[in-house]
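Undergrad: The structure file structure.cif (mmCIF, C-alpha atoms and all ligand atoms) is provided below.
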```
data_model
loop_
_atom_site.label_atom_id
_atom_site.label_comp_id
_atom_site.auth_asym_id
_atom_site.auth_seq_id
_atom_site.Cartn_x
_atom_site.Cartn_y
_atom_site.Cartn_z
CA MET A 1 -52.42 8.37 122.53
CA PHE A 2 -52.15 8.26 118.75
CA PRO A 3 -49.43 10.88 117.92
CA LYS A 4 -50.45 13.79 115.71
CA ASN A 5 -47.07 14.27 114.07
CA GLY A 6 -44.52 11.67 113.04
CA GLU A 7 -40.96 11.48 114.43
CA ASP A 8 -37.62 10.54 112.87
CA GLU A 9 -36.97 6.81 112.50
CA GLU A 10 -33.86 7.18 114.67
CA GLU A 11 -35.80 8.85 117.50
CA VAL A 12 -38.53 6.23 117.39
CA LEU A 13 -35.97 3.44 117.39
CA GLU A 14 -34.12 4.95 120.34
CA GLU A 15 -37.34 5.22 122.31
CA LEU A 16 -38.23 1.63 121.49
CA ARG A 17 -34.81 0.41 122.56
CA SER A 18 -35.11 2.22 125.84
CA LYS A 19 -38.66 0.96 126.44
CA THR A 20 -37.56 -2.66 125.90
CA ALA A 21 -34.23 -2.35 127.71
CA ASP A 22 -35.49 -4.54 130.56
CA ASP A 23 -36.47 -7.41 128.23
CA LEU A 24 -34.37 -10.50 128.75
CA THR A 25 -32.73 -11.49 125.48
CA PHE A 26 -31.84 -15.00 124.38
CA ASP A 27 -28.25 -14.11 123.54
CA SER A 28 -27.67 -12.93 127.14
CA GLY A 29 -27.72 -16.58 128.24
CA ARG A 30 -30.05 -15.68 131.14
CA ILE A 31 -33.18 -17.30 129.63
CA LEU A 32 -33.08 -20.89 130.80
CA GLY A 33 -36.76 -21.71 131.06
CA SER A 34 -38.05 -21.09 127.54
CA MET A 35 -38.65 -23.36 124.55
CA CYS A 36 -37.82 -20.50 122.21
CA THR A 37 -34.34 -19.49 121.22
CA TYR A 38 -32.27 -16.99 119.32
CA PRO A 39 -33.24 -17.53 115.68
CA HIS A 40 -30.56 -18.84 113.36
CA PRO A 41 -28.96 -15.93 111.40
CA PHE A 42 -29.73 -17.62 108.09
CA ALA A 43 -33.42 -17.85 108.99
CA VAL A 44 -33.38 -14.13 109.86
CA LYS A 45 -31.96 -13.40 106.40
CA ILE A 46 -34.78 -15.34 104.77
CA ILE A 47 -37.41 -13.48 106.80
CA GLU A 48 -35.96 -10.12 105.75
CA GLU A 49 -35.92 -11.00 102.07
CA PHE A 50 -39.38 -12.57 101.85
CA LEU A 51 -41.20 -10.51 104.46
CA ASP A 52 -44.09 -9.56 102.16
CA ARG A 53 -45.23 -13.08 101.29
CA ASN A 54 -48.74 -13.95 102.42
CA LEU A 55 -49.69 -17.60 102.48
CA GLY A 56 -53.26 -16.60 103.27
CA ASP A 57 -53.55 -15.62 99.60
CA PRO A 58 -51.42 -18.24 97.88
CA GLY A 59 -52.78 -17.44 94.42
CA LEU A 60 -50.52 -14.37 94.58
CA HIS A 61 -47.55 -16.24 95.96
CA VAL A 62 -47.70 -19.58 94.21
CA GLY A 63 -43.97 -20.18 94.57
CA SER A 64 -44.15 -19.69 98.32
CA GLN A 65 -47.09 -22.07 98.51
CA ARG A 66 -45.03 -24.71 96.69
CA VAL A 67 -42.19 -24.17 99.14
CA GLU A 68 -44.58 -24.50 102.10
CA ARG A 69 -45.74 -27.85 100.67
CA GLU A 70 -42.14 -28.95 100.34
CA ALA A 71 -41.43 -27.87 103.92
CA VAL A 72 -44.46 -29.85 105.11
CA ASN A 73 -43.19 -32.88 103.23
CA MET A 74 -39.69 -32.53 104.67
CA LEU A 75 -41.23 -32.44 108.17
CA ALA A 76 -43.41 -35.42 107.25
CA SER A 77 -40.34 -37.31 106.09
CA LEU A 78 -38.54 -36.51 109.36
CA LEU A 79 -41.61 -38.08 111.00
CA SER A 80 -41.40 -41.22 108.80
CA LEU A 81 -44.20 -40.30 106.40
CA GLU A 82 -43.53 -40.10 102.68
CA LYS A 83 -46.22 -37.55 101.91
CA GLY A 84 -47.92 -35.41 104.53
CA TYR A 85 -50.77 -32.92 104.48
CA GLY A 86 -50.56 -29.86 106.65
CA HIS A 87 -49.28 -26.36 107.14
CA ILE A 88 -46.63 -24.23 108.73
CA VAL A 89 -48.77 -22.38 111.26
CA SER A 90 -48.40 -19.85 114.05
CA GLY A 91 -47.22 -22.36 116.65
CA GLY A 92 -48.01 -25.49 118.60
CA THR A 93 -51.24 -23.98 119.86
CA GLU A 94 -52.70 -23.51 116.39
CA ALA A 95 -51.38 -26.92 115.29
CA ASN A 96 -53.09 -28.66 118.21
CA ILE A 97 -56.33 -26.76 117.67
CA LEU A 98 -56.34 -27.77 113.99
CA ALA A 99 -55.82 -31.43 114.83
CA VAL A 100 -58.67 -31.42 117.37
CA ARG A 101 -60.85 -29.58 114.88
CA ALA A 102 -60.15 -32.17 112.18
CA PHE A 103 -60.90 -35.07 114.56
CA ARG A 104 -64.11 -33.43 115.75
CA ASN A 105 -65.36 -32.62 112.25
CA LEU A 106 -64.73 -36.14 111.01
CA ALA A 107 -66.21 -37.85 114.07
CA ARG A 108 -69.57 -36.06 113.80
CA VAL A 109 -70.70 -37.01 117.29
CA GLU A 110 -73.10 -34.89 119.25
CA LYS A 111 -71.07 -34.60 122.45
CA PRO A 112 -67.43 -34.87 121.36
CA GLU A 113 -64.79 -35.89 123.91
CA LEU A 114 -61.01 -35.88 123.62
CA ILE A 115 -58.82 -38.03 125.88
CA LEU A 116 -55.52 -36.43 126.78
CA PRO A 117 -52.81 -36.83 129.42
CA GLU A 118 -52.87 -34.67 132.55
CA SER A 119 -49.48 -33.42 131.34
CA ALA A 120 -50.93 -31.97 128.11
CA HIS A 121 -50.20 -28.39 127.12
CA PHE A 122 -52.83 -25.74 127.91
CA SER A 123 -53.41 -25.19 124.19
CA PHE A 124 -55.82 -28.13 124.40
CA ILE A 125 -57.88 -26.21 126.95
CA LYS A 126 -58.26 -23.47 124.35
CA ALA A 127 -59.10 -26.09 121.70
CA GLY A 128 -61.71 -27.72 123.92
CA GLU A 129 -63.35 -24.43 124.75
CA MET A 130 -63.37 -23.07 121.20
CA LEU A 131 -64.48 -26.28 119.55
CA GLY A 132 -67.02 -27.43 122.13
CA VAL A 133 -65.02 -30.58 122.83
CA LYS A 134 -65.05 -32.01 126.35
CA LEU A 135 -61.57 -32.77 127.63
CA VAL A 136 -61.22 -36.09 129.42
CA TRP A 137 -57.97 -36.12 131.38
CA ALA A 138 -56.04 -39.37 131.72
CA GLU A 139 -53.87 -40.07 134.76
CA LEU A 140 -50.10 -40.22 134.73
CA ASN A 141 -47.82 -43.06 135.84
CA ASP A 142 -45.12 -42.53 138.45
CA ASP A 143 -42.67 -41.67 135.66
CA TYR A 144 -45.05 -38.89 134.48
CA SER A 145 -45.96 -40.64 131.21
CA VAL A 146 -49.66 -41.17 130.52
CA ASN A 147 -51.30 -44.25 132.00
CA VAL A 148 -52.45 -46.12 128.88
CA ARG A 149 -54.84 -48.31 130.86
CA ASP A 150 -56.58 -45.22 132.17
CA VAL A 151 -56.80 -43.86 128.61
CA GLU A 152 -58.52 -47.08 127.52
CA GLU A 153 -60.97 -46.94 130.41
CA LYS A 154 -61.99 -43.44 129.37
CA ILE A 155 -62.89 -44.31 125.76
CA THR A 156 -66.61 -43.93 125.01
CA ASP A 157 -68.79 -43.67 121.88
CA ASN A 158 -68.20 -39.91 122.08
CA THR A 159 -64.41 -40.12 121.91
CA ILE A 160 -63.23 -38.23 118.83
CA GLY A 161 -59.52 -38.80 119.43
CA ILE A 162 -56.66 -39.49 121.80
CA VAL A 163 -53.66 -37.25 122.43
CA GLY A 164 -50.18 -38.52 123.27
CA ILE A 165 -47.25 -36.23 124.02
CA ALA A 166 -43.75 -36.61 122.68
CA GLY A 167 -41.89 -34.19 124.91
CA THR A 168 -44.14 -32.82 127.64
CA THR A 169 -43.91 -29.12 128.31
CA GLY A 170 -42.87 -29.49 131.92
CA LEU A 171 -40.56 -32.49 131.95
CA GLY A 172 -39.87 -33.49 128.35
CA VAL A 173 -41.43 -36.91 128.94
CA VAL A 174 -42.34 -39.01 125.90
CA ASP A 175 -45.56 -40.98 126.36
CA ASP A 176 -45.83 -44.63 125.37
CA ILE A 177 -47.00 -43.69 121.87
CA PRO A 178 -46.67 -47.28 120.49
CA SER A 179 -49.26 -48.51 123.05
CA LEU A 180 -51.50 -45.49 122.46
CA SER A 181 -51.30 -46.20 118.73
CA ASP A 182 -52.34 -49.83 119.24
CA LEU A 183 -55.22 -48.67 121.39
CA ALA A 184 -56.29 -46.12 118.79
CA LEU A 185 -56.24 -48.78 116.06
CA ASP A 186 -58.18 -51.27 118.21
CA TYR A 187 -60.95 -48.76 118.85
CA GLY A 188 -60.83 -47.05 115.44
CA ILE A 189 -60.04 -43.68 116.99
CA PRO A 190 -57.39 -41.26 115.62
CA LEU A 191 -54.29 -40.51 117.71
CA HIS A 192 -52.73 -37.04 117.69
CA VAL A 193 -49.13 -36.73 118.86
CA ASP A 194 -48.12 -33.39 120.31
CA ALA A 195 -44.43 -33.29 119.42
CA ALA A 196 -44.35 -29.48 119.37
CA PHE A 197 -41.09 -29.65 121.29
CA GLY A 198 -39.93 -33.24 120.74
CA GLY A 199 -40.41 -33.27 116.98
CA PHE A 200 -37.15 -31.46 116.38
CA VAL A 201 -35.34 -33.46 119.08
CA ILE A 202 -36.41 -37.11 119.14
CA PRO A 203 -35.49 -38.19 115.58
CA PHE A 204 -31.96 -36.86 116.08
CA ALA A 205 -31.60 -38.11 119.66
CA LYS A 206 -32.66 -41.61 118.57
CA ASP A 207 -30.09 -41.49 115.81
CA LEU A 208 -27.48 -40.56 118.44
CA GLY A 209 -28.38 -43.70 120.37
CA TYR A 210 -30.68 -42.33 123.08
CA GLU A 211 -33.42 -44.82 123.90
CA ILE A 212 -36.74 -43.10 123.28
CA PRO A 213 -39.95 -44.84 122.19
CA ASP A 214 -41.21 -44.45 118.62
CA PHE A 215 -43.57 -41.52 118.40
CA ASP A 216 -44.24 -40.78 114.75
CA PHE A 217 -46.15 -41.91 111.64
CA ARG A 218 -44.39 -45.26 111.52
CA LEU A 219 -47.05 -46.13 114.13
CA LYS A 220 -50.23 -46.65 112.13
CA GLY A 221 -52.59 -45.23 114.75
CA VAL A 222 -50.88 -41.82 114.58
CA LYS A 223 -52.98 -39.63 112.30
CA SER A 224 -51.51 -36.21 113.06
CA VAL A 225 -48.41 -34.69 114.62
CA THR A 226 -47.60 -31.20 115.90
CA ILE A 227 -43.95 -30.26 115.32
CA ASP A 228 -42.72 -26.71 115.91
CA PRO A 229 -39.83 -25.24 113.94
CA HIS A 230 -39.84 -22.15 116.19
CA LYS A 231 -38.66 -24.26 119.12
CA MET A 232 -35.64 -26.51 118.49
CA GLY A 233 -35.87 -25.84 114.73
CA MET A 234 -34.35 -22.36 115.31
CA VAL A 235 -36.77 -20.63 112.94
CA PRO A 236 -38.05 -17.20 114.07
CA ILE A 237 -41.48 -17.02 115.74
CA PRO A 238 -44.13 -17.74 114.39
CA ALA A 239 -43.43 -21.17 112.94
CA GLY A 240 -45.41 -24.16 114.14
CA GLY A 241 -46.23 -27.25 112.14
CA VAL A 242 -49.15 -29.63 111.85
CA ILE A 243 -48.86 -32.74 109.69
CA PHE A 244 -51.74 -35.10 108.87
CA ARG A 245 -51.38 -38.63 107.54
CA GLU A 246 -54.22 -38.24 105.05
CA ARG A 247 -55.79 -35.51 103.02
CA LYS A 248 -59.24 -36.07 104.52
CA TYR A 249 -58.15 -34.34 107.75
CA ILE A 250 -57.24 -31.15 105.91
CA ASP A 251 -60.42 -31.32 103.83
CA ALA A 252 -62.44 -31.62 107.03
CA ILE A 253 -61.22 -28.24 108.27
CA SER A 254 -61.05 -26.28 105.01
CA VAL A 255 -63.35 -23.37 104.40
CA LEU A 256 -63.84 -21.50 101.14
CA ALA A 257 -62.10 -18.13 100.90
CA PRO A 258 -63.89 -16.72 97.88
CA TYR A 259 -62.73 -13.14 97.45
CA LEU A 260 -58.91 -13.23 97.56
CA ALA A 261 -56.82 -11.21 95.09
CA GLY A 262 -55.11 -14.38 93.97
CA GLY A 263 -58.40 -16.23 93.41
CA LYS A 264 -60.59 -18.40 95.60
CA ILE A 265 -59.00 -21.13 97.70
CA TRP A 266 -59.85 -23.59 100.44
CA GLN A 267 -58.22 -22.52 103.68
CA ALA A 268 -57.59 -24.83 106.64
CA THR A 269 -55.57 -22.62 108.99
CA ILE A 270 -57.08 -20.52 111.77
CA THR A 271 -55.20 -17.42 110.70
CA GLY A 272 -56.21 -15.99 107.34
CA THR A 273 -53.40 -13.69 106.32
CA ARG A 274 -50.27 -15.49 107.51
CA PRO A 275 -46.53 -15.08 107.15
CA GLY A 276 -45.05 -16.80 104.12
CA ALA A 277 -41.53 -15.79 105.13
CA ASN A 278 -41.58 -18.04 108.18
CA ALA A 279 -42.65 -21.05 106.14
CA LEU A 280 -39.85 -20.28 103.69
CA ALA A 281 -37.46 -20.02 106.64
CA VAL A 282 -38.52 -23.51 107.78
CA TRP A 283 -37.71 -24.85 104.33
CA ALA A 284 -34.41 -22.95 104.18
CA MET A 285 -33.24 -24.01 107.63
CA ILE A 286 -33.93 -27.68 106.93
CA LYS A 287 -32.04 -27.41 103.65
CA HIS A 288 -29.20 -25.51 105.31
CA LEU A 289 -28.65 -27.68 108.39
CA GLY A 290 -29.92 -31.00 107.11
CA PHE A 291 -30.29 -34.03 109.37
CA GLU A 292 -26.63 -33.93 110.33
CA GLY A 293 -26.74 -30.26 111.31
CA TYR A 294 -29.78 -30.67 113.54
CA ARG A 295 -28.31 -33.84 115.02
CA GLU A 296 -25.30 -31.80 116.11
CA VAL A 297 -27.55 -29.19 117.76
CA VAL A 298 -29.42 -31.97 119.57
CA ARG A 299 -26.22 -33.80 120.56
CA ARG A 300 -24.95 -30.67 122.33
CA ALA A 301 -28.27 -30.05 124.03
CA MET A 302 -28.65 -33.66 125.21
CA GLU A 303 -25.09 -33.84 126.54
CA LEU A 304 -25.48 -30.54 128.31
CA SER A 305 -28.70 -31.70 129.98
CA ARG A 306 -27.07 -34.93 131.25
CA TRP A 307 -24.15 -32.97 132.65
CA PHE A 308 -26.47 -30.40 134.24
CA ALA A 309 -28.67 -33.09 135.82
CA ALA A 310 -25.56 -34.70 137.37
CA GLU A 311 -24.43 -31.33 138.75
CA LEU A 312 -27.85 -30.67 140.29
CA LYS A 313 -27.77 -34.02 142.10
CA ARG A 314 -24.63 -32.92 143.90
CA ILE A 315 -26.34 -29.94 145.53
CA SER A 316 -27.88 -30.69 148.90
CA GLY A 317 -31.48 -29.48 149.12
CA VAL A 318 -31.99 -29.94 145.35
CA TYR A 319 -33.65 -32.96 143.72
CA LEU A 320 -34.50 -33.96 140.16
CA ILE A 321 -38.20 -34.47 139.42
CA ARG A 322 -37.14 -37.32 137.14
CA GLU A 323 -34.13 -38.27 135.02
CA PRO A 324 -34.20 -36.23 131.79
CA VAL A 325 -35.54 -37.91 128.67
CA LEU A 326 -34.96 -35.05 126.23
CA ASN A 327 -33.05 -31.80 126.71
CA ILE A 328 -35.24 -30.58 129.58
CA VAL A 329 -34.17 -30.88 133.22
CA SER A 330 -36.67 -30.09 135.96
CA PHE A 331 -35.85 -29.94 139.65
CA GLY A 332 -37.26 -29.02 143.00
CA THR A 333 -35.58 -27.45 146.00
CA ARG A 334 -36.42 -26.86 149.61
CA ASN A 335 -38.31 -23.58 149.96
CA LEU A 336 -38.87 -23.49 146.22
CA GLU A 337 -40.77 -20.19 146.20
CA THR A 338 -37.98 -18.32 147.96
CA VAL A 339 -35.38 -19.92 145.68
CA GLU A 340 -37.39 -18.98 142.59
CA GLU A 341 -37.77 -15.39 143.76
CA GLU A 342 -34.05 -15.04 144.50
CA LEU A 343 -33.07 -16.54 141.15
CA LYS A 344 -35.36 -14.12 139.37
CA GLU A 345 -33.96 -11.23 141.36
CA ARG A 346 -30.53 -12.23 140.13
CA GLY A 347 -31.81 -11.94 136.56
CA TRP A 348 -32.50 -15.57 135.62
CA GLY A 349 -35.36 -16.26 133.20
CA ILE A 350 -36.92 -19.24 134.96
CA SER A 351 -40.24 -20.07 136.58
CA ALA A 352 -41.49 -22.58 139.12
CA HIS A 353 -45.23 -22.39 138.69
CA ARG A 354 -45.65 -26.16 138.34
CA GLY A 355 -43.89 -26.89 141.61
CA TYR A 356 -40.48 -27.22 140.05
CA ILE A 357 -37.96 -25.23 138.05
CA ARG A 358 -37.62 -26.25 134.41
CA ILE A 359 -34.40 -25.70 132.49
CA VAL A 360 -34.58 -26.18 128.72
CA MET A 361 -31.25 -26.70 126.99
CA MET A 362 -32.06 -24.62 123.94
CA PRO A 363 -29.33 -23.86 121.38
CA HIS A 364 -28.59 -20.47 123.03
CA VAL A 365 -27.85 -22.13 126.40
CA ARG A 366 -24.16 -22.83 126.92
CA ARG A 367 -22.22 -24.54 129.65
CA GLU A 368 -20.83 -21.27 131.01
CA HIS A 369 -24.38 -19.94 131.48
CA LEU A 370 -25.32 -23.07 133.41
CA GLU A 371 -22.17 -22.87 135.52
CA ALA A 372 -23.08 -19.31 136.51
CA PHE A 373 -26.64 -20.46 137.26
CA LEU A 374 -25.42 -23.39 139.39
CA LYS A 375 -23.18 -21.06 141.38
CA ASP A 376 -26.16 -18.80 142.17
CA LEU A 377 -28.38 -21.79 142.91
CA ARG A 378 -25.87 -23.27 145.38
CA GLU A 379 -25.61 -19.97 147.24
CA ILE A 380 -29.37 -19.44 147.34
CA VAL A 381 -30.30 -22.97 148.39
CA ARG A 382 -27.69 -22.95 151.16
CA LYS A 383 -29.44 -19.95 152.70
CA ALA A 384 -33.03 -20.99 151.93
C1 LIG B 401 -45.93 -29.86 124.11
C2 LIG B 401 -46.35 -28.50 123.67
N1 LIG B 401 -47.39 -28.36 122.86
C3 LIG B 401 -47.82 -27.16 122.43
C4 LIG B 401 -47.18 -26.00 122.81
C5 LIG B 401 -47.69 -24.68 122.34
O1 LIG B 401 -46.82 -24.09 121.44
P1 LIG B 401 -46.89 -22.53 121.09
O2 LIG B 401 -46.52 -21.80 122.33
O3 LIG B 401 -45.91 -22.42 119.97
O4 LIG B 401 -48.28 -22.23 120.64
C6 LIG B 401 -46.06 -26.09 123.66
C7 LIG B 401 -45.36 -24.88 124.09
O5 LIG B 401 -44.54 -24.87 124.95
C8 LIG B 401 -45.63 -27.37 124.09
O6 LIG B 401 -44.61 -27.53 124.95
#
```
Could you express the structure from this file as structure tokens?
Ligand SMILES: Cc1ncc(COP(=O)(O)O)c(C=O)c1O

TA:
Amino acid sequence: MFPKNGEDEEEVLEELRSKTADDLTFDSGRILGSMCTYPHPFAVKIIEEFLDRNLGDPGLHVGSQRVEREAVNMLASLLSLEKGYGHIVSGGTEANILAVRAFRNLARVEKPELILPESAHFSFIKAGEMLGVKLVWAELNDDYSVNVRDVEEKITDNTIGIVGIAGTTGLGVVDDIPSLSDLALDYGIPLHVDAAFGGFVIPFAKDLGYEIPDFDFRLKGVKSVTIDPHKMGMVPIPAGGVIFRERKYIDAISVLAPYLAGGKIWQATITGTRPGANALAVWAMIKHLGFEGYREVVRRAMELSRWFAAELKRISGVYLIREPVLNIVSFGTRNLETVEEELKERGWGISAHRGYIRIVMMPHVRREHLEAFLKDLREIVRKA
């Protein structure tokens, strides 16, 4: 019911705190199965100060628009592209939808089809449905990367693009993007790389010496990349990123917004009014941490995941789905459903809906949290 009379701020706040008291919080260390994390305090400061900026009407906030462009170019440069075209958007979902939309609009075929791995994120299901694009699913290899031969077999005159994933949602697997890129070039079809998660991990992990295939714009077939600052970038939600190699992709999805207070513009994002503060926070966090700072975050996360995977292997009745590639470790157990239920009852933020439990070593996850989790897991599996 809409209240007739207002209440004191303090009273409202108290009520809100009590209503959300059963939320799991990232700083509790109990959330182990999420790709989000506790935002960096500096990013929170930026959001507070610039909360009113609206990038949907950039004529009013021209400085913020410039900063967004700089943030896009910093992300492009992390992805080996000197100048990129794109936006800081609401998340990986919007970024993927925009890429599919650009490919579809440029392809101009009557019955558009998109080839994507069976491991692709469900955001592509939304994209397919909204954009009238048929999804053609490509099989996976035994190591859960996409089978490139199957992708090739599925190419038709209606194919508007191919998707490769750099850091799958379930297992953190990086597809063979170099081969997908070659294929895309051979057939003259654009390749979109969904690095929503891996974008803020792979460049740093490679620099640390981890062997991971190339996945970015240095591969000429790659025409667009999704990279999400609100995952490993530690920027508050919402902050996704989509970067295109060329301007024509942005032009293909821009519509005229004629009536804005700041003057008419061409708008490519799905959201109209959209938070400028989060784009500024992306810029600020990259400036604040720099490559070295993020590399340190990734080093910790990668080391923790290797240690955790080794610990899991020592528990009888527990098995790894595959060796970790990034900072995601997924495992199965005997009587998985019972184990999942028990873990949840003990307050762990995990899920097993794909047939395994996925642990994501986000910056808020520390070794002591994992030790406590392992202790519970050992007890539960012994009884299961
Ligand atoms: C690979 C991948 N792509 C896209 C997304 C969607 O991102 P968002 O939830 O920010 O829309 C996710 C989310 O987990 C993801 O793992």

Undergrad: Using all atoms listed in the file for the distances, tell me which of A:Thr168, A:Thr25, A:Thr159, A:Thr37 is nearest to ligand LIG 401 (chain B).

TA: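 Comparing A:Thr168, A:Thr25, A:Thr159, A:Thr37 against ligand LIG 401 (chain B), the winner is A:Thr168.
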
Undergrad: Pick out the residues sitting within 12 Å of Ile31 in chain A, and hand them over as a PyMOL selection string; count all atoms listed in the file, and ignore anything fewer than 3 positions along from it in its own chain.

TA: chain A and resi 23-28+34-38+343-344+346-351+358-366+369-370+373

Undergrad: Between A:Lys19, A:Pro203, A:Ser254, A:Glu246, which residue has the minimum interatomic distance to Glu82 in chain A, considering all atoms listed in the file?

TA: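 For Glu82 in chain A, the nearest of the candidates is A:Glu246.
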
Undergrad: Give me the residues near Ala252 in chain A as number ranges by chain, where near means some atom within 7 Å (using all atoms listed in the file) and where sequence neighbours in that chain fewer than 6 positions away do not count.

TA: A: 102, 105-106

Undergrad: Go ahead and compute the interatomic distance for CA of Lys313 in chain A and CA of Glu341 in chain A, in Å to one decimal.

TA: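 These atoms are spaced 21.2 Å apart.
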
Undergrad: Give me, please, the distance in Å between CA of Val163 in chain A and CA of Phe197 in chain A, quoted to one decimal.

TA: 14.7 Å

Undergrad: Can you tell me which residues come within 7 Å of ligand LIG 401 (chain B) when counting all atoms listed in the file, ideally as a PyMOL selection string?

TA: chain A and resi 35+90-94+96+120-121+123+165+167-169+194-197+228+240
